[in-house]
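Colleague: Sending over query.cif (mmCIF, C-alpha atoms).
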data_my_file
#
loop_
_atom_site.group_PDB
_atom_site.id
_atom_site.type_symbol
_atom_site.label_atom_id
_atom_site.label_comp_id
_atom_site.auth_asym_id
_atom_site.auth_seq_id
_atom_site.Cartn_x
_atom_site.Cartn_y
_atom_site.Cartn_z
ATOM 1 C CA MET G 3 -13.416 -1.827 -1.038
ATOM 2 C CA ARG G 4 -10.492 0.063 0.464
ATOM 3 C CA GLN G 5 -8.398 -1.434 3.203
ATOM 4 C CA THR G 6 -5.863 -0.119 5.628
ATOM 5 C CA VAL G 7 -2.438 -1.683 5.882
ATOM 6 C CA GLN G 8 -3.430 -3.039 9.287
ATOM 7 C CA GLN G 9 -6.468 -4.777 7.761
ATOM 8 C CA LEU G 10 -4.349 -6.216 4.949
ATOM 9 C CA LEU G 11 -1.844 -7.569 7.472
ATOM 10 C CA ALA G 12 -4.570 -8.989 9.701
ATOM 11 C CA GLU G 13 -6.039 -10.859 6.731
ATOM 12 C CA ALA G 14 -2.628 -12.213 5.737
ATOM 13 C CA LYS G 15 -1.817 -13.316 9.275
ATOM 14 C CA ALA G 16 -5.160 -15.101 9.520
ATOM 15 C CA LYS G 17 -4.187 -17.229 6.500
ATOM 16 C CA ILE G 18 -0.630 -18.146 7.477
ATOM 17 C CA ARG G 19 1.211 -19.457 10.507
ATOM 18 C CA GLU G 20 3.621 -17.324 12.486
ATOM 19 C CA ILE G 21 6.400 -18.960 14.455
ATOM 20 C CA ASP G 22 8.575 -17.804 17.319
ATOM 21 C CA ALA G 23 12.358 -17.816 17.656
ATOM 22 C CA ALA G 24 12.452 -21.205 19.371
ATOM 23 C CA GLU G 25 10.570 -22.849 16.522
ATOM 24 C CA LEU G 26 12.813 -21.116 13.997
ATOM 25 C CA ARG G 27 15.877 -22.587 15.696
ATOM 26 C CA ALA G 28 14.331 -26.068 15.578
ATOM 27 C CA LEU G 29 13.464 -25.682 11.899
ATOM 28 C CA GLN G 30 16.954 -24.414 11.094
ATOM 29 C CA ALA G 31 18.395 -27.515 12.784
ATOM 30 C CA ARG G 32 16.303 -29.595 10.356
ATOM 31 C CA GLY G 33 17.685 -27.654 7.378
ATOM 32 C CA VAL G 34 14.539 -25.681 6.584
ATOM 33 C CA PRO G 35 15.410 -22.687 4.380
ATOM 34 C CA VAL G 36 15.176 -19.235 5.950
ATOM 35 C CA VAL G 37 14.552 -16.289 3.648
ATOM 36 C CA ASP G 38 15.047 -12.658 4.620
ATOM 37 C CA VAL G 39 12.594 -10.620 2.534
ATOM 38 C CA ARG G 40 14.109 -7.260 3.492
ATOM 39 C CA GLU G 41 15.994 -5.094 1.024
ATOM 40 C CA PRO G 42 19.647 -5.963 0.302
ATOM 41 C CA ALA G 43 20.975 -3.038 2.366
ATOM 42 C CA GLU G 44 18.965 -4.220 5.379
ATOM 43 C CA PHE G 45 20.221 -7.763 4.874
ATOM 44 C CA GLY G 46 23.800 -6.524 4.589
ATOM 45 C CA ALA G 47 23.523 -4.651 7.886
ATOM 46 C CA GLY G 48 22.740 -7.855 9.806
ATOM 47 C CA ARG G 49 20.790 -11.051 9.366
ATOM 48 C CA ILE G 50 19.801 -14.301 11.007
ATOM 49 C CA PRO G 51 22.620 -16.809 10.462
ATOM 50 C CA GLY G 52 22.088 -18.994 7.410
ATOM 51 C CA ALA G 53 19.384 -16.793 5.888
ATOM 52 C CA SER G 54 19.242 -16.061 2.186
ATOM 53 C CA ASN G 55 18.043 -12.734 0.856
ATOM 54 C CA ILE G 56 15.174 -12.546 -1.605
ATOM 55 C CA PRO G 57 13.620 -9.082 -1.325
ATOM 56 C CA ARG G 58 9.831 -8.933 -0.971
ATOM 57 C CA GLY G 59 9.514 -7.025 -4.233
ATOM 58 C CA VAL G 60 10.864 -9.914 -6.324
ATOM 59 C CA LEU G 61 10.004 -12.894 -4.140
ATOM 60 C CA GLU G 62 7.276 -14.378 -6.306
ATOM 61 C CA PHE G 63 9.511 -14.138 -9.378
ATOM 62 C CA GLU G 64 12.638 -15.639 -7.813
ATOM 63 C CA ILE G 65 11.546 -18.119 -5.158
ATOM 64 C CA ASP G 66 11.364 -21.202 -7.356
ATOM 65 C CA GLY G 67 14.849 -20.785 -8.791
ATOM 66 C CA HIS G 68 16.724 -19.659 -5.693
ATOM 67 C CA PRO G 69 19.340 -22.248 -4.693
ATOM 68 C CA ALA G 70 18.629 -21.861 -0.964
ATOM 69 C CA VAL G 71 15.075 -22.997 -1.548
ATOM 70 C CA ASN G 72 15.433 -25.233 -4.559
ATOM 71 C CA GLY G 73 18.968 -26.495 -5.029
ATOM 72 C CA THR G 74 18.053 -28.028 -8.356
ATOM 73 C CA ARG G 75 15.636 -26.867 -10.997
ATOM 74 C CA ASP G 76 12.989 -29.466 -10.204
ATOM 75 C CA PRO G 77 10.249 -29.239 -12.814
ATOM 76 C CA ALA G 78 7.783 -30.727 -10.329
ATOM 77 C CA LEU G 79 8.617 -27.977 -7.819
ATOM 78 C CA ALA G 80 8.693 -30.548 -5.030
ATOM 79 C CA HIS G 81 10.268 -27.986 -2.696
ATOM 80 C CA ARG G 82 6.846 -26.378 -2.463
ATOM 81 C CA ASP G 83 5.776 -29.254 -0.227
ATOM 82 C CA GLN G 84 8.421 -28.370 2.383
ATOM 83 C CA PRO G 85 8.349 -25.655 5.063
ATOM 84 C CA ILE G 86 10.030 -22.326 4.389
ATOM 85 C CA VAL G 87 10.560 -19.554 6.943
ATOM 86 C CA LEU G 88 10.347 -15.904 5.964
ATOM 87 C CA TYR G 89 11.264 -12.881 8.032
ATOM 88 C CA CYS G 90 11.584 -9.123 7.655
ATOM 89 C CA ARG G 91 12.235 -6.239 10.042
ATOM 90 C CA SER G 92 9.138 -6.613 12.224
ATOM 91 C CA GLY G 93 6.928 -9.318 10.682
ATOM 92 C CA GLY G 94 4.667 -7.393 8.299
ATOM 93 C CA ARG G 95 6.405 -7.965 4.972
ATOM 94 C CA SER G 96 7.108 -11.575 5.849
ATOM 95 C CA ALA G 97 3.439 -12.205 6.659
ATOM 96 C CA LEU G 98 2.444 -10.773 3.271
ATOM 97 C CA ALA G 99 5.209 -12.802 1.632
ATOM 98 C CA ALA G 100 4.063 -16.018 3.329
ATOM 99 C CA GLU G 101 0.518 -15.399 2.151
ATOM 100 C CA ALA G 102 1.774 -14.848 -1.403
ATOM 101 C CA LEU G 103 3.721 -18.109 -1.325
ATOM 102 C CA LYS G 104 0.678 -19.905 -0.005
ATOM 103 C CA ARG G 105 -1.290 -18.608 -2.999
ATOM 104 C CA LEU G 106 1.527 -19.899 -5.230
ATOM 105 C CA GLY G 107 1.052 -23.386 -3.823
ATOM 106 C CA PHE G 108 3.652 -23.563 -1.078
ATOM 107 C CA ALA G 109 2.344 -25.952 1.566
ATOM 108 C CA GLU G 110 3.964 -24.435 4.643
ATOM 109 C CA PRO G 111 5.210 -20.856 4.329
ATOM 110 C CA LEU G 112 5.956 -19.582 7.834
ATOM 111 C CA SER G 113 6.531 -16.044 9.071
ATOM 112 C CA LEU G 114 8.774 -15.177 12.001
ATOM 113 C CA ALA G 115 6.639 -13.241 14.479
ATOM 114 C CA GLY G 116 8.373 -9.994 15.396
ATOM 115 C CA GLY G 117 10.838 -10.360 12.551
ATOM 116 C CA TYR G 118 14.503 -9.480 12.838
ATOM 117 C CA LEU G 119 13.801 -6.958 15.597
ATOM 118 C CA GLY G 120 12.103 -9.594 17.733
ATOM 119 C CA TRP G 121 14.910 -12.037 17.009
ATOM 120 C CA THR G 122 17.634 -9.628 18.120
ATOM 121 C CA GLU G 123 15.667 -8.327 21.125
ATOM 122 C CA GLY G 124 15.297 -11.942 22.252
ATOM 123 C CA GLY G 125 19.050 -12.465 22.098
ATOM 124 C CA GLY G 126 19.121 -14.298 18.774
ATOM 125 C CA LYS G 127 22.512 -14.535 17.109
ATOM 126 C CA VAL G 128 23.137 -12.423 14.022
ATOM 127 C CA GLU G 129 25.773 -12.314 11.337
ATOM 128 C CA GLY G 130 26.978 -9.435 9.235
ATOM 129 C CA ALA G 131 26.070 -6.830 11.848
#
Would you write the structure of this file as structure tokens?
Modeller:
Amino acid sequence: MRQTVQQLLAEAKAKIREIDAAELRALQARGVPVVDVREPAEFGAGRIPGASNIPRGVLEFEIDGHPAVNGTRDPALAHRDQPIVLYCRSGGRSALAAEALKRLGFAEPLSLAGGYLGWTEGGGKVEGA
């Protein structure tokens, strides 16, 4: 069965939890990792403070070994039991990324609703811009 991108996104968003900027700030204060799934050039042009960059195209391959998510190579992958926030430009890639991490056994992958655009439009601080 063929799907449109909008249908694919709707299915992903139905399986994950999106958060707003206020919740992101609270999670950051607790030390929850924030991952920007945009491409490196996008990340370099401006990002949410403290975010690490793991592009969507390699996320599933790199997430377990990335130091921002898993500071040590824990064979039990205990970091999968902790929340992780993902964001992209507008929220589509991060929703798909959160769904992928959920399928990989992450307990609480979260997607920033509105992405980087929503963050900046709401007055969120940025670095590297």
Colleague: Out of G:Met3, G:Ala12, G:Leu114, G:Val128, which residue has the shortest atom-to-atom distance to Glu25 (chain G) when counting all atoms listed in the file?
Modeller: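 Among G:Met3, G:Ala12, G:Leu114, G:Val128, it is G:Leu114 that comes nearest to Glu25 (chain G).
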Colleague: Counting all atoms listed in the file, which residues have an atom no more than 9 Å from (9.4, -8.6, 9.9) in the file's coordinates? Please list them as a short mmCIF file (atom, residue, chain, number, x, y, z; two decimals) with C-alpha atoms, in the frame of the given file.
Modeller:
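Heads up, here's the output in selection.cif:
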data_model
loop_
_atom_site.label_atom_id
_atom_site.label_comp_id
_atom_site.auth_asym_id
_atom_site.auth_seq_id
_atom_site.Cartn_x
_atom_site.Cartn_y
_atom_site.Cartn_z
CA ASP G 38 15.05 -12.66 4.62
CA VAL G 39 12.59 -10.62 2.53
CA ARG G 40 14.11 -7.26 3.49
CA LEU G 88 10.35 -15.90 5.96
CA TYR G 89 11.26 -12.88 8.03
CA CYS G 90 11.58 -9.12 7.66
CA ARG G 91 12.24 -6.24 10.04
CA SER G 92 9.14 -6.61 12.22
CA GLY G 93 6.93 -9.32 10.68
CA GLY G 94 4.67 -7.39 8.30
CA ARG G 95 6.40 -7.96 4.97
CA SER G 96 7.11 -11.58 5.85
CA ALA G 97 3.44 -12.20 6.66
CA SER G 113 6.53 -16.04 9.07
CA LEU G 114 8.77 -15.18 12.00
CA ALA G 115 6.64 -13.24 14.48
CA GLY G 116 8.37 -9.99 15.40
CA GLY G 117 10.84 -10.36 12.55
CA TYR G 118 14.50 -9.48 12.84
CA LEU G 119 13.80 -6.96 15.60
CA GLY G 120 12.10 -9.59 17.73
#
Colleague: Just the residues within 9 Å of Pro85 (chain G), please, counting only C-alpha atoms, with nothing from its chain fewer than 3 positions along; format it as a PDB file with C-alpha atoms, keeping the file's coordinate frame.
Modeller:
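Ended up saving to out-v2.pdb:
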ATOM      1  CA  LEU G  29      13.464 -25.682  11.899  1.00  0.00           C
ATOM      2  CA  VAL G  34      14.539 -25.681   6.584  1.00  0.00           C
ATOM      3  CA  PRO G  35      15.410 -22.687   4.380  1.00  0.00           C
ATOM      4  CA  HIS G  81      10.268 -27.986  -2.696  1.00  0.00           C
ATOM      5  CA  ARG G  82       6.846 -26.378  -2.463  1.00  0.00           C
ATOM      6  CA  PHE G 108       3.652 -23.563  -1.078  1.00  0.00           C
ATOM      7  CA  ALA G 109       2.344 -25.952   1.566  1.00  0.00           C
ATOM      8  CA  GLU G 110       3.964 -24.435   4.643  1.00  0.00           C
ATOM      9  CA  PRO G 111       5.210 -20.856   4.329  1.00  0.00           C
ATOM     10  CA  LEU G 112       5.956 -19.582   7.834  1.00  0.00           C
TER      11      LEU G 112
END
Colleague: For this file, the PyMOL selection byres ((chain G and resi 54) around 7) selects which residues, as a ChimeraX atom specification?
Modeller: /G:36-38,52-53,55-56,70
Colleague: One decimal, in Å: what's the spacing between CA of Ala131 (chain G) and CA of Arg49 (chain G)?
Modeller: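 Distance between the two atoms: 7.2 Å.
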Colleague: Work out how far CA of Pro42 (chain G) is from CA of Arg58 (chain G), in Å to one decimal.
Modeller: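 That distance, rounded to one decimal, is 10.3 Å.
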Colleague: Counting only C-alpha atoms, which residue out of G:Arg27, G:Lys17, G:Arg32, G:Arg4 sits closest to Leu103 (chain G)?
Modeller: G:Lys17
Colleague: Would you compute the distance between CA of Asp22 (chain G) and CA of Glu101 (chain G)? Give it in Å to one decimal.
Modeller: 17.3 Å
Colleague: Any chance you could resolve the PyMOL selection byres ((chain G and resi 130) around 10) against this file and give the residues as a list in words?
Modeller: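 That selection, the PyMOL selection byres ((chain G and resi 130) around 10), comes back as Phe45, Gly46, Ala47, Gly48, Arg49, Ile50, Pro51, Val128, Glu129 and Ala131 of chain G.
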Colleague: With C-alpha atoms retained, write the just-selected residues as a CSV table (one decimal), in the coordinates of the input.
Modeller:
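Saved to again.csv:
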chain,number,residue,atom,x,y,z
G,45,PHE,CA,20.2,-7.8,4.9
G,46,GLY,CA,23.8,-6.5,4.6
G,47,ALA,CA,23.5,-4.7,7.9
G,48,GLY,CA,22.7,-7.9,9.8
G,49,ARG,CA,20.8,-11.1,9.4
G,50,ILE,CA,19.8,-14.3,11.0
G,51,PRO,CA,22.6,-16.8,10.5
G,128,VAL,CA,23.1,-12.4,14.0
G,129,GLU,CA,25.8,-12.3,11.3
G,131,ALA,CA,26.1,-6.8,11.8
Colleague: Which residue, G:Ile86, G:Ala99, G:Ala23, G:Ala28, has the smallest gap to Thr122 (chain G) when you use only C-alpha atoms?
Modeller: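 Nearest candidate to Thr122 (chain G) out of G:Ile86, G:Ala99, G:Ala23, G:Ala28: G:Ala23.
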Colleague: For Val87 (chain G), which residue among G:Gly124, G:Gly59, G:Gly107, G:Gly33 is the nearest when counting all atoms listed in the file?
Modeller: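 Counting all atoms listed in the file, the residue closest to Val87 (chain G) is G:Gly33.
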